[in-house]
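Trainee: Before I ask anything, let me first share the structure, which is written out below as structure tokens.
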Amino acid sequence: LNLKKFKNLKMFRSNSSPLSLVILSLLLVYSFSFVSKNVISFKNSMKFQRMSMTSTPMDKNKMLHVVYRVGNLEKTIEFYKNVFGMELLRHRDIPEDKYTNAFLGYGTESEGKHFSIELTYNYGVDSYTLGDGFKGISLELPNIRKASKKVEELGGEVTFGPEDIEYGPCMIPDEPITKKSIATVMKLKDPEGYGFEATERVRRDPVSKVCLSVLNLDVSVAFYEKALGMKVLYKRSNVPREASMVVGLGYGDAEDSTILELYYAYTVEKIEMGDAYGQIAVSTADVYEAAKHVQEAGYNVTREPGPVPGIGTKVTALRDPDGFKIVLVDEEDFEKELAPGV
């Protein structure tokens with residue numbers, strides 16, 4: 001409202017009808033409300049920007065490896081080497097605790113350059129209940145038809161393909177509704193029954209994602225953002241192919257780093273956890289500060305920070321809203337683990 005049009009507001013009020021005065025009052029109230037809302041919005045925006053720019057103990061986090069249990073360690077190692085083309089990166093035996101670890105992947109684990117798979121063999125245990133919460137691992141391989149010919153020979157099972165699949169547009173980032181892409185895909189199970197999805201593509205690190213089921217997508221996304229400092233990289237609906245939605249989260253570019261994909265099925269009301277899946281390991285600058293950050297974000301630490309018996313690496317742990325375990329590993333200690341002779 002421009003009051004300069006009126007040389008004397010008092011004169012205007014005395015010469016105006018009651019209706020004009022009501023309109024003037026409403027306009028003044030609206031103008032004040034509009035300015036107030038915009039000032040508040042601006043302040044909130046600036047506050048959010050300051051919060052976004054504030055450093056946290058999770059800023060240097062990197063995805064390290066996924067851990068799960070196997071009953072036949074040697075058979076699984078041979079399968080991963082000959083079907084997926086992985087290397088056996090490390091092998092350690094902890095006899096005092098009666099277990100053995102084997103780490104497989106496509107290159108050095110140092111500084112999180114390559115993601116690895118940590119297989120755990122517990123002495124005397126030859127089988128586990130897989131459950132349906134751990135959906136599996138996605139790989140990008142140069143020739144999946146060639147790989148498919150070795151699957152059954154080495155004790156695995158091809159459950160789909162190889163076949164061309166058409167994918168629709170992403171919601172995040174927002175893609176045109178007409179956008180489509182086609183990829184050659186194979187789905188399979190390893191000798192232990194763990195699921196893998198292989199897409200034909202050349203990638204620096206072929207391990208593209210680890211997939212977990214969730215019952216409440218919004219709650220789970222908030223947990224990984226707030227507690228672990230991950231960023232949402234994409235969000236995609238799988239309708240009409242299936243009644244589900246996926247969200248990818250991680251610490252880097254989805255095209256060049258291993259990410260966590262959360263899978264939400266509209267009709268699923270319960271997740272069977274089983275006892276085979278272990279955890280995802282994430283490196284962090286300081287496990288003590290990381291544990292404090294988790295608690296300040298409103299979540300619980302399930303393992304207080306400190307060294308792992310028999311190994312010495314400092315870790316802390318927590319569980320997501322569905323019960324999946326995440327272990328935060330001290331990055332300096334992890335590098336010492338990788339040193340020759342350790």
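We label chains A, B, ... in the order they appear in the structure tokens, count residues from 1 in each chain, and number ligands from 1 in the order shown.
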Which polymer residues have any atom within 7 Å of an atom of segment 52-63 of chain A, counting only C-alpha atoms, with same-chain residues fewer than 3 positions away left out, as an mmCIF file with N, CA and C atoms, in the first residue's frame?
Mentor:
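So part30.cif came out as:
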```
data_model
loop_
_atom_site.group_PDB
_atom_site.id
_atom_site.type_symbol
_atom_site.label_atom_id
_atom_site.label_comp_id
_atom_site.auth_asym_id
_atom_site.auth_seq_id
_atom_site.Cartn_x
_atom_site.Cartn_y
_atom_site.Cartn_z
ATOM 1 N N PHE A 48 19.701 -22.341 7.965
ATOM 2 C CA PHE A 48 19.937 -23.636 7.318
ATOM 3 C C PHE A 48 21.266 -23.638 6.587
ATOM 4 N N GLN A 49 21.587 -22.519 5.911
ATOM 5 C CA GLN A 49 22.847 -22.437 5.180
ATOM 6 C C GLN A 49 24.036 -22.506 6.140
ATOM 7 N N GLY A 112 39.684 -45.691 1.278
ATOM 8 C CA GLY A 112 38.372 -45.947 0.693
ATOM 9 C C GLY A 112 38.342 -45.920 -0.818
ATOM 10 N N PHE A 115 35.814 -50.356 -2.567
ATOM 11 C CA PHE A 115 34.959 -51.018 -1.588
ATOM 12 C C PHE A 115 35.254 -52.510 -1.635
ATOM 13 N N LEU A 228 24.891 -40.352 10.170
ATOM 14 C CA LEU A 228 26.111 -40.766 9.478
ATOM 15 C C LEU A 228 26.614 -39.765 8.437
ATOM 16 N N GLY A 229 25.867 -38.687 8.217
ATOM 17 C CA GLY A 229 26.337 -37.648 7.306
ATOM 18 C C GLY A 229 26.280 -38.011 5.839
ATOM 19 N N TYR A 251 28.678 -41.017 0.168
ATOM 20 C CA TYR A 251 29.624 -39.946 0.485
ATOM 21 C C TYR A 251 30.308 -39.374 -0.757
ATOM 22 N N THR A 258 30.990 -46.538 -4.103
ATOM 23 C CA THR A 258 29.989 -47.512 -3.668
ATOM 24 C C THR A 258 29.000 -46.817 -2.744
ATOM 25 N N ALA A 281 30.758 -51.299 7.074
ATOM 26 C CA ALA A 281 31.816 -50.559 7.754
ATOM 27 C C ALA A 281 32.088 -49.249 7.030
ATOM 28 N N VAL A 282 32.208 -48.179 7.811
ATOM 29 C CA VAL A 282 32.441 -46.835 7.277
ATOM 30 C C VAL A 282 33.632 -46.235 8.022
ATOM 31 N N SER A 283 34.597 -45.701 7.294
ATOM 32 C CA SER A 283 35.734 -45.058 7.963
ATOM 33 C C SER A 283 35.351 -43.660 8.421
ATOM 34 N N THR A 284 35.938 -43.230 9.530
ATOM 35 C CA THR A 284 35.668 -41.900 10.061
ATOM 36 C C THR A 284 36.945 -41.358 10.693
ATOM 37 N N ALA A 285 37.053 -40.042 10.777
ATOM 38 C CA ALA A 285 38.293 -39.418 11.248
ATOM 39 C C ALA A 285 38.586 -39.712 12.712
ATOM 40 N N GLU A 289 34.681 -38.802 18.500
ATOM 41 C CA GLU A 289 33.866 -37.661 18.066
ATOM 42 C C GLU A 289 32.660 -38.129 17.265
ATOM 43 N N ALA A 290 32.832 -39.187 16.482
ATOM 44 C CA ALA A 290 31.728 -39.728 15.694
ATOM 45 C C ALA A 290 30.615 -40.246 16.600
ATOM 46 N N HIS A 293 28.723 -37.385 17.982
ATOM 47 C CA HIS A 293 27.843 -36.808 16.952
ATOM 48 C C HIS A 293 26.565 -37.635 16.812
#
```
Trainee: Looking only at helix (DSSP H, G or I) from DSSP on the backbone, list the matching residues of segment 75-162 of chain A as a VMD selection string.
Mentor: chain A and resid 75 to 83 95 to 97 110 to 112 144 to 154
Trainee: When you look at Lys135 of chain A with a cut-off of 10 Å (counting only C-alpha atoms), what residues show up, excluding the ones that are within fewer than 4 positions of it in the same chain? I need them as a VMD selection string.
Mentor: chain A and resid 130 to 131 194 to 197 210 to 213 261 to 263
Trainee: Rank A:Tyr123, A:Phe134, A:Phe160, A:Tyr234 by their smallest atom-to-atom distance to Pro173 of chain A, using only C-alpha atoms, and report the top residue only.
Mentor: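 Among A:Tyr123, A:Phe134, A:Phe160, A:Tyr234, it is A:Tyr234 that comes nearest to Pro173 of chain A.
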Trainee: Choose the residue, out of A:Asp253, A:Asp164, A:Ala265, A:Leu215, that has the smallest atom-to-atom separation from Val239 of chain A; count only C-alpha atoms.
Mentor: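 Selected residue with least distance to Val239 of chain A: A:Ala265.
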